[in-house]
file protein_31.cif (mmCIF, C-alpha atoms)
data_upload
#
loop_
_atom_site.label_atom_id
_atom_site.label_comp_id
_atom_site.auth_asym_id
_atom_site.auth_seq_id
_atom_site.Cartn_x
_atom_site.Cartn_y
_atom_site.Cartn_z
CA PRO L 1 117.47 111.89 115.02
CA ASN L 2 120.99 110.45 114.99
CA VAL L 3 121.51 111.83 118.51
CA VAL L 4 118.20 110.98 120.18
CA ALA L 5 117.93 107.47 118.70
CA LEU L 6 119.72 105.19 121.15
CA PRO L 7 122.18 102.63 119.75
CA ALA L 8 121.18 99.02 120.41
CA ALA L 9 123.69 98.45 123.25
CA VAL L 10 122.58 101.63 125.01
CA GLN L 11 118.91 100.81 124.52
CA ARG L 12 119.45 97.38 126.11
CA ALA L 13 121.09 99.00 129.14
CA PHE L 14 118.20 101.43 129.40
CA ASP L 15 115.57 98.70 129.09
CA GLN L 16 117.24 96.53 131.76
CA ALA L 17 117.67 99.37 134.27
CA GLN L 18 115.42 99.53 137.31
CA SER L 19 115.50 103.32 137.37
CA VAL L 20 116.87 106.24 135.37
CA THR L 21 118.90 109.18 136.66
CA LEU L 22 119.33 112.36 134.63
CA GLU L 23 121.04 115.66 135.36
CA VAL L 24 117.61 117.02 136.24
CA VAL L 25 114.10 115.51 136.17
CA LEU L 26 112.42 117.08 133.15
CA ASP L 27 108.81 117.00 134.28
CA ALA L 28 106.32 119.74 133.40
CA GLN L 29 107.12 121.77 136.51
CA SER L 30 110.85 121.70 135.76
CA MET L 31 110.29 122.77 132.17
CA MET L 32 108.17 125.71 133.32
CA SER L 33 110.80 126.69 135.88
CA MET L 34 113.50 126.62 133.21
CA ALA L 35 111.45 128.79 130.88
CA SER L 36 110.69 131.39 133.56
CA ALA L 37 114.33 131.46 134.65
CA LEU L 38 115.29 132.93 131.26
CA LEU L 39 113.48 136.19 132.01
CA MET L 40 114.26 139.11 134.30
CA THR L 41 111.57 139.83 136.84
CA ASP L 42 113.17 142.76 138.67
CA GLY L 43 111.89 145.43 136.29
CA LYS L 44 115.14 145.70 134.37
CA THR L 45 115.38 145.26 130.61
CA LEU L 46 118.05 143.75 128.41
CA GLU L 47 118.68 147.13 126.79
CA SER L 48 119.38 148.72 130.17
CA LEU L 49 122.08 146.11 130.82
CA VAL L 50 123.80 145.87 127.45
CA GLY L 51 123.26 149.29 125.86
CA ARG L 52 121.32 150.29 122.77
CA LYS L 53 123.85 149.16 120.17
CA LEU L 54 124.28 145.61 121.49
CA TYR L 55 120.55 145.36 122.20
CA ASP L 56 119.60 146.29 118.62
CA ARG L 57 122.05 143.72 117.33
CA THR L 58 120.58 141.10 119.65
CA VAL L 59 116.99 141.85 118.60
CA GLU L 60 117.92 141.53 114.92
CA VAL L 61 119.58 138.15 115.39
CA MET L 62 116.89 136.75 117.67
CA SER L 63 114.14 137.96 115.33
CA ALA L 64 115.74 135.95 112.53
CA ARG L 65 115.32 132.92 114.81
CA GLY L 66 111.65 133.63 115.42
CA VAL L 67 111.98 135.19 118.88
CA PRO L 68 110.02 138.48 119.05
CA GLU L 69 111.44 141.64 120.61
CA VAL L 70 108.67 141.71 123.22
CA LEU L 71 110.28 138.57 124.67
CA VAL L 72 113.92 139.46 123.99
CA ALA L 73 113.47 142.76 125.84
CA TYR L 74 113.26 140.93 129.19
CA MET L 75 115.60 138.00 128.59
CA LYS L 76 118.71 137.71 130.70
CA PRO L 77 121.96 138.20 128.75
CA TRP L 78 123.07 134.60 129.41
CA ALA L 79 119.66 133.32 128.28
CA VAL L 80 120.05 134.99 124.90
CA ALA L 81 123.57 133.56 124.56
CA VAL L 82 122.39 130.03 125.37
CA THR L 83 119.50 130.38 122.91
CA LEU L 84 121.89 131.42 120.15
CA MET L 85 124.14 128.43 120.91
CA THR L 86 121.23 126.02 120.48
CA PRO L 87 121.07 124.11 117.16
CA GLN L 88 118.47 125.37 114.71
CA GLY L 89 116.20 123.42 112.43
CA ASN L 90 115.18 120.58 114.73
CA ASP L 91 111.95 119.86 116.58
CA GLY L 92 113.37 121.06 119.89
CA VAL L 93 113.37 117.62 121.53
CA VAL L 94 116.66 116.83 123.22
CA LEU L 95 118.05 113.50 124.39
CA ASP L 96 117.38 114.24 128.06
CA GLN L 97 113.67 114.69 127.29
CA VAL L 98 113.53 111.48 125.27
CA LEU L 99 115.13 109.50 128.10
CA TYR L 100 112.77 111.03 130.66
CA GLN L 101 109.66 110.37 128.57
CA ASP L 102 110.72 106.79 127.76
CA ALA L 103 111.48 106.10 131.43
CA VAL L 104 108.07 107.38 132.53
CA ALA L 105 106.34 105.39 129.79
CA ALA L 106 108.15 102.25 130.95
CA GLY L 107 107.15 102.83 134.55
CA LYS L 108 110.71 103.38 135.73
CA ARG L 109 111.57 105.63 138.65
CA VAL L 110 113.35 108.81 137.56
CA HIS L 111 115.89 110.68 139.68
CA GLY L 112 117.82 113.92 139.19
CA LEU L 113 121.41 114.69 140.16
CA GLU L 114 120.61 118.40 140.33
CA THR L 115 117.65 120.72 140.65
CA VAL L 116 116.48 123.25 138.08
CA ALA L 117 117.38 126.02 140.52
CA GLU L 118 120.94 124.74 140.75
CA GLN L 119 121.35 124.52 137.00
CA MET L 120 119.89 127.95 136.34
CA GLY L 121 121.91 129.33 139.25
CA LEU L 122 125.10 128.46 137.38
CA PHE L 123 124.25 131.21 134.90
CA ASP L 124 122.41 133.56 137.22
CA GLY L 125 125.45 133.45 139.48
CA LEU L 126 127.65 134.97 136.79
CA PRO L 127 128.25 138.70 137.37
CA ARG L 128 126.19 140.84 135.00
CA ASP L 129 129.36 142.07 133.27
CA ASP L 130 130.33 138.47 132.55
CA GLN L 131 126.85 137.74 131.22
CA VAL L 132 127.14 140.69 128.85
CA THR L 133 130.59 139.49 127.75
CA LEU L 134 129.14 136.02 127.12
CA LEU L 135 126.39 137.53 124.98
CA LYS L 136 128.82 139.68 123.00
CA ASP L 137 131.21 136.74 122.44
CA THR L 138 128.29 134.64 121.22
CA LEU L 139 127.10 137.32 118.80
CA ASP L 140 130.67 137.74 117.51
CA SER L 141 130.89 133.97 116.96
CA LEU L 142 127.60 133.47 115.13
CA ASP L 143 129.34 132.63 111.86
CA THR L 144 131.22 129.76 113.50
CA ILE L 145 128.60 128.40 115.92
CA ASP L 146 126.96 126.09 113.37
CA GLN L 147 130.38 124.72 112.41
CA MET L 148 131.27 124.23 116.07
CA LEU L 149 127.97 122.44 116.75
CA GLY L 150 128.58 120.21 113.75
CA GLU L 151 132.03 119.30 115.04
CA LEU L 152 130.65 118.62 118.51
CA ARG L 153 127.91 116.40 117.10
CA ALA L 154 130.41 114.45 114.99
CA ALA L 155 132.70 113.92 117.99
CA TYR L 156 129.76 112.83 120.13
CA LEU L 157 128.47 110.33 117.58
CA ALA L 158 132.02 108.98 117.13
CA ARG L 159 132.23 108.63 120.95
CA ASP L 160 135.50 110.61 120.80
CA LEU L 161 135.84 112.08 124.30
CA LYS L 162 139.31 113.46 123.60
CA ARG L 163 137.95 115.36 120.63
CA LEU L 164 135.18 116.80 122.79
CA LEU L 165 137.77 118.01 125.28
CA ASP L 166 139.90 119.50 122.49
CA LEU L 167 136.90 121.36 121.04
CA ASN L 168 136.00 122.73 124.46
CA GLU L 169 139.56 123.94 125.02
CA ALA L 170 139.61 125.55 121.56
CA TRP L 171 136.39 127.39 122.40
CA MET L 172 137.94 128.66 125.62
CA ARG L 173 141.04 129.89 123.78
CA ASP L 174 138.89 131.90 121.39
CA SER L 175 136.76 133.45 124.15
CA ASP L 176 137.41 135.92 126.95
CA PRO L 177 140.07 133.96 128.94
CA GLN L 178 138.86 134.79 132.44
CA LEU L 179 135.20 134.21 131.60
CA ALA L 180 136.00 130.94 129.81
CA GLU L 181 137.95 129.65 132.83
CA THR L 182 135.15 130.61 135.22
CA PHE L 183 132.50 129.12 132.92
CA ASN L 184 134.36 125.82 132.53
CA ARG L 185 135.03 125.53 136.26
CA LYS L 186 131.43 126.21 137.30
CA VAL L 187 129.56 124.47 134.48
CA ILE L 188 131.82 121.42 134.11
CA VAL L 189 134.40 120.78 136.82
CA GLU L 190 132.51 121.72 140.00
CA ARG L 191 129.43 119.88 138.77
CA ASN L 192 131.50 116.76 138.06
CA HIS L 193 132.36 116.49 141.75
CA ARG L 194 128.76 117.19 142.78
CA MET L 195 127.40 114.58 140.37
CA ALA L 196 129.94 111.96 141.47
CA GLU L 197 128.86 112.46 145.07
CA ARG L 198 125.13 112.50 144.42
CA MET L 199 125.05 109.41 142.22
CA GLN L 200 126.44 107.26 145.05
CA ALA L 201 123.00 106.42 146.40
CA ARG L 202 121.85 105.31 142.97
CA LEU L 203 124.98 103.24 142.35
CA LEU L 204 124.59 101.50 145.70
CA GLU L 205 121.08 100.48 144.66
CA GLY L 206 122.42 98.92 141.45
CA GLY L 207 120.59 98.42 138.17
CA GLN L 208 120.81 102.09 137.24
CA PHE L 209 120.89 103.99 133.95
CA ILE L 210 122.60 107.34 134.59
CA ALA L 211 122.86 109.91 131.80
CA VAL L 212 124.89 113.12 131.90
CA GLY L 213 126.35 115.44 129.28
CA ALA L 214 129.32 113.79 127.55
CA LEU L 215 131.77 116.55 128.49
CA HIS L 216 131.35 115.55 132.14
CA LEU L 217 133.00 112.17 131.46
CA PRO L 218 136.65 112.81 130.41
CA GLY L 219 139.52 114.76 131.93
CA GLU L 220 141.55 114.82 135.13
CA GLU L 221 138.42 115.79 137.08
CA GLY L 222 135.92 114.03 134.84
CA LEU L 223 133.37 111.55 136.13
CA LEU L 224 135.19 108.52 134.74
CA ARG L 225 138.29 109.33 136.80
CA LEU L 226 136.33 110.46 139.87
CA LEU L 227 134.34 107.21 139.94
CA SER L 228 137.46 105.13 139.36
CA GLU L 229 139.14 106.88 142.30
CA ARG L 230 136.15 105.86 144.43
CA GLY L 231 136.88 102.21 143.65
CA TYR L 232 134.44 101.55 140.81
CA ARG L 233 135.48 99.32 137.90
CA LEU L 234 134.46 100.94 134.61
CA SER L 235 133.72 98.99 131.43
CA ARG L 236 132.74 100.44 128.07
CA VAL L 237 129.72 98.71 126.57
CA TYR L 238 129.38 100.93 123.50
#
call {"tool": "encode", "arguments": {"input": "protein_31.cif", "output": "structure tokens"}}
result
Amino acid sequence: PNVVALPAAVQRAFDQAQSVTLEVVLDAQSMMSMASALLMTDGKTLESLVGRKLYDRTVEVMSARGVPEVLVAYMKPWAVAVTLMTPQGNDGVVLDQVLYQDAVAAGKRVHGLETVAEQMGLFDGLPRDDQVTLLKDTLDSLDTIDQMLGELRAAYLARDLKRLLDLNEAWMRDSDPQLAETFNRKVIVERNHRMAERMQARLLEGGQFIAVGALHLPGEEGLLRLLSERGYRLSRVY
């Protein structure tokens, strides 16, 4: 609740906006596409990719989270890793969904900076060996994931972008170095440039509310710098 409830200043900006732009439009079709993208459809199984030992370990952990083996058996390695990195104990509603639903309810136009295929392709594009490494790293880090998520949430609520960067860099140091560099480049840096380009049409319209993951904002190639280099004047309202 302390994440999805918008602070007053942010709510005012949302209410006054003519349209809302998210990373991806979270309509029913997009949600179904995301769900189906988690599964392998080429006849392969997770066990055939990761081996019996790692598979058994994965099934045990996922079962404890309420995901049955009949589903785990066909999940992509990266999909299992992402599932295990997702906070437990909430109702499953994330801020992107809340913003989308509120925008639709208010009759606002909703735009996406990316497509579901592009977002899922970030993970599908990882070589299978890297996906397996990501899964193994995640399983090895289970004891610290809740702590990491707590630290991320605290930094987010404190609006501490430097802390978010530091936490991301610490995660990369503790992971497979090559995979971490590739992951950060594809999931953060390259997307920053794509988002900065694609939001131009919305910014030219004016009166926009644009929401992206907080880690896309800071850094030498973060959106704040990229937009500033394009001549925009940035002011913090919250």
call {"tool": "closest_residue", "arguments": {"input": "protein_31.cif", "among": "L:Leu165, L:Met75, L:Leu157, L:Leu223", "to": "L:Thr45", "atoms": "only C-alpha atoms"}}
result
L:Met75
call {"tool": "residues_around", "arguments": {"input": "protein_31.cif", "residues": "L:Asn168", "least_positions_apart": "2", "cutoff": "12 Å", "atoms": "all atoms listed in the file", "output": "list in words"}}
result
Met148, Leu149, Glu151, Leu152, Ala155, Leu161, Lys162, Arg163, Leu164, Leu165, Asp166, Ala170, Trp171, Met172, Arg173, Asp174, Ser175, Ala180, Glu181, Phe183, Asn184, Ile188, Ala214, Leu215, His216, Pro218 and Gly219 of chain L
call {"tool": "residues_near_point", "arguments": {"input": "protein_31.cif", "point": "(115.0, 137.5, 115.6)", "cutoff": "12 Å", "atoms": "only C-alpha atoms", "output": "list in words"}}
result
Tyr55, Asp56, Arg57, Thr58, Val59, Glu60, Val61, Met62, Ser63, Ala64, Arg65, Gly66, Val67, Pro68, Glu69, Val70, Leu71, Val72, Ala73, Val80, Thr83 and Leu84 of chain L
call {"tool": "closest_residue", "arguments": {"input": "protein_31.cif", "among": "L:Leu126, L:Val116, L:Met199, L:Val132", "to": "L:Ser48", "atoms": "all atoms listed in the file"}}
result
L:Val132
call {"tool": "residues_around", "arguments": {"input": "protein_31.cif", "residues": "stretch 203-207 of chain L", "least_positions_apart": "3", "cutoff": "7 Å", "atoms": "all atoms listed in the file", "output": "list in words"}}
result
Ala17, Gln18, Met199 and Gln200 of chain L
call {"tool": "residues_around", "arguments": {"input": "protein_31.cif", "residues": "L:Lys76", "least_positions_apart": "6", "cutoff": "7 Å", "atoms": "all atoms listed in the file", "output": "PyMOL selection string"}}
result
chain L and resi 38-40+46
call {"tool": "atom_distance", "arguments": {"input": "protein_31.cif", "atom1": "atom CA of L:Ala154", "atom2": "atom CA of L:Val4"}}
result
13.7 Å
call {"tool": "atom_distance", "arguments": {"input": "protein_31.cif", "atom1": "atom CA of L:Ala28", "atom2": "atom CA of L:Gly125"}}
result
24.3 Å
call {"tool": "atom_distance", "arguments": {"input": "protein_31.cif", "atom1": "atom CA of L:Asp176", "atom2": "atom CA of L:Asp42"}}
result
27.8 Å
call {"tool": "axis_aligned_box", "arguments": {"input": "protein_31.cif", "around": "stretch 178-192 of chain L", "padding_each_side": "6 Å", "output": "JSON"}}
result
{"center_x": 134.1, "center_y": 125.8, "center_z": 134.9, "size_x": 21.4, "size_y": 30.0, "size_z": 22.2}
call {"tool": "resolve_selection", "arguments": {"input": "protein_31.cif", "expression": "the PyMOL selection byres ((chain L and resi 16) around 12)", "output": "tab-separated table (two decimals) with C-alpha atoms, in the coordinates of the input"}}
result
chain	number	residue	atom	x	y	z
L	9	ALA	CA	123.69	98.45	123.25
L	10	VAL	CA	122.58	101.63	125.01
L	11	GLN	CA	118.91	100.81	124.52
L	12	ARG	CA	119.45	97.38	126.11
L	13	ALA	CA	121.09	99.00	129.14
L	14	PHE	CA	118.20	101.43	129.40
L	15	ASP	CA	115.57	98.70	129.09
L	17	ALA	CA	117.67	99.37	134.27
L	18	GLN	CA	115.42	99.53	137.31
L	19	SER	CA	115.50	103.32	137.37
L	20	VAL	CA	116.87	106.24	135.37
L	103	ALA	CA	111.48	106.10	131.43
L	106	ALA	CA	108.15	102.25	130.95
L	108	LYS	CA	110.71	103.38	135.73
L	206	GLY	CA	122.42	98.92	141.45
L	207	GLY	CA	120.59	98.42	138.17
L	208	GLN	CA	120.81	102.09	137.24
L	209	PHE	CA	120.89	103.99	133.95
call {"tool": "resolve_selection", "arguments": {"input": "protein_31.cif", "expression": "the PyMOL selection byres ((chain L and resi 115) around 10)", "output": "PyMOL selection string"}}
result
chain L and resi 23-26+30+112-114+116-121
call {"tool": "write_last_selection", "arguments": {"input": "protein_31.cif", "atoms": "C-alpha atoms", "output": "PDB file, in the coordinates of the input"}}
result
ATOM      1  CA  GLU L  23     121.040 115.660 135.360  1.00  0.00           C
ATOM      2  CA  VAL L  24     117.610 117.020 136.240  1.00  0.00           C
ATOM      3  CA  VAL L  25     114.100 115.510 136.170  1.00  0.00           C
ATOM      4  CA  LEU L  26     112.420 117.080 133.150  1.00  0.00           C
ATOM      5  CA  SER L  30     110.850 121.700 135.760  1.00  0.00           C
ATOM      6  CA  GLY L 112     117.820 113.920 139.190  1.00  0.00           C
ATOM      7  CA  LEU L 113     121.410 114.690 140.160  1.00  0.00           C
ATOM      8  CA  GLU L 114     120.610 118.400 140.330  1.00  0.00           C
ATOM      9  CA  VAL L 116     116.480 123.250 138.080  1.00  0.00           C
ATOM     10  CA  ALA L 117     117.380 126.020 140.520  1.00  0.00           C
ATOM     11  CA  GLU L 118     120.940 124.740 140.750  1.00  0.00           C
ATOM     12  CA  GLN L 119     121.350 124.520 137.000  1.00  0.00           C
ATOM     13  CA  MET L 120     119.890 127.950 136.340  1.00  0.00           C
ATOM     14  CA  GLY L 121     121.910 129.330 139.250  1.00  0.00           C
TER      15      GLY L 121
END
call {"tool": "residues_around", "arguments": {"input": "protein_31.cif", "residues": "L:Asp129", "least_positions_apart": "4", "cutoff": "9 Å", "atoms": "all atoms listed in the file", "output": "list in words"}}
result
Leu49, Val50, Thr133 and Leu134 of chain L
call {"tool": "build_atoms", "arguments": {"input": "protein_31.cif", "residues": "stretch 115-126 of chain L", "atoms": "all heavy atoms", "output": "short mmCIF file (atom, residue, chain, number, x, y, z; two decimals), in the frame of the given file"}}
result
data_model
loop_
_atom_site.label_atom_id
_atom_site.label_comp_id
_atom_site.auth_asym_id
_atom_site.auth_seq_id
_atom_site.Cartn_x
_atom_site.Cartn_y
_atom_site.Cartn_z
N THR L 115 118.96 120.09 140.77
CA THR L 115 117.65 120.72 140.65
C THR L 115 117.71 121.78 139.55
O THR L 115 118.80 122.22 139.15
CB THR L 115 117.23 121.40 141.96
OG1 THR L 115 118.14 122.50 142.23
CG2 THR L 115 117.27 120.41 143.12
N VAL L 116 116.55 122.19 139.07
CA VAL L 116 116.48 123.25 138.08
C VAL L 116 117.11 124.53 138.63
O VAL L 116 117.86 125.23 137.94
CB VAL L 116 115.03 123.52 137.65
CG1 VAL L 116 114.94 124.77 136.79
CG2 VAL L 116 114.48 122.32 136.89
N ALA L 117 116.83 124.81 139.90
CA ALA L 117 117.38 126.02 140.52
C ALA L 117 118.90 126.01 140.51
O ALA L 117 119.55 127.04 140.28
CB ALA L 117 116.85 126.15 141.95
N GLU L 118 119.48 124.85 140.76
CA GLU L 118 120.94 124.74 140.75
C GLU L 118 121.49 124.97 139.35
O GLU L 118 122.50 125.67 139.17
CB GLU L 118 121.37 123.37 141.27
CG GLU L 118 121.26 123.21 142.77
CD GLU L 118 121.59 121.82 143.25
OE1 GLU L 118 121.33 120.84 142.50
OE2 GLU L 118 122.08 121.69 144.37
N GLN L 119 120.86 124.36 138.36
CA GLN L 119 121.35 124.52 137.00
C GLN L 119 121.21 125.96 136.52
O GLN L 119 122.14 126.52 135.94
CB GLN L 119 120.61 123.57 136.05
CG GLN L 119 121.03 122.13 136.19
CD GLN L 119 120.68 121.29 134.96
OE1 GLN L 119 119.87 121.69 134.13
NE2 GLN L 119 121.29 120.13 134.85
N MET L 120 120.07 126.57 136.75
CA MET L 120 119.89 127.95 136.34
C MET L 120 120.78 128.89 137.15
O MET L 120 121.24 129.92 136.66
CB MET L 120 118.43 128.36 136.52
CG MET L 120 117.43 127.59 135.66
SD MET L 120 117.69 127.76 133.86
CE MET L 120 118.57 126.21 133.51
N GLY L 121 121.05 128.52 138.40
CA GLY L 121 121.91 129.33 139.25
C GLY L 121 123.33 129.42 138.75
O GLY L 121 124.05 130.39 139.05
N LEU L 122 123.76 128.42 137.96
CA LEU L 122 125.10 128.46 137.38
C LEU L 122 125.26 129.70 136.51
O LEU L 122 126.32 130.34 136.48
CB LEU L 122 125.35 127.21 136.53
CG LEU L 122 125.42 125.88 137.28
CD1 LEU L 122 125.38 124.73 136.28
CD2 LEU L 122 126.68 125.81 138.13
N PHE L 123 124.21 130.05 135.79
CA PHE L 123 124.25 131.21 134.90
C PHE L 123 123.86 132.49 135.63
O PHE L 123 124.48 133.53 135.45
CB PHE L 123 123.32 130.98 133.71
CG PHE L 123 123.70 129.81 132.86
CD1 PHE L 123 123.09 128.58 133.02
CD2 PHE L 123 124.69 129.93 131.89
CE1 PHE L 123 123.45 127.49 132.23
CE2 PHE L 123 125.06 128.84 131.10
CZ PHE L 123 124.44 127.62 131.28
N ASP L 124 122.83 132.37 136.47
CA ASP L 124 122.41 133.56 137.22
C ASP L 124 123.52 134.04 138.16
O ASP L 124 123.60 135.22 138.50
CB ASP L 124 121.16 133.25 138.05
CG ASP L 124 119.89 133.32 137.22
OD1 ASP L 124 119.88 134.02 136.18
OD2 ASP L 124 118.90 132.65 137.58
N GLY L 125 124.37 133.09 138.58
CA GLY L 125 125.45 133.45 139.48
C GLY L 125 126.60 134.19 138.82
O GLY L 125 127.47 134.75 139.51
N LEU L 126 126.62 134.21 137.49
CA LEU L 126 127.65 134.97 136.79
C LEU L 126 127.39 136.47 136.99
O LEU L 126 126.25 136.92 136.87
CB LEU L 126 127.62 134.66 135.29
CG LEU L 126 128.08 133.26 134.84
CD1 LEU L 126 127.82 133.09 133.34
CD2 LEU L 126 129.57 133.06 135.14
#
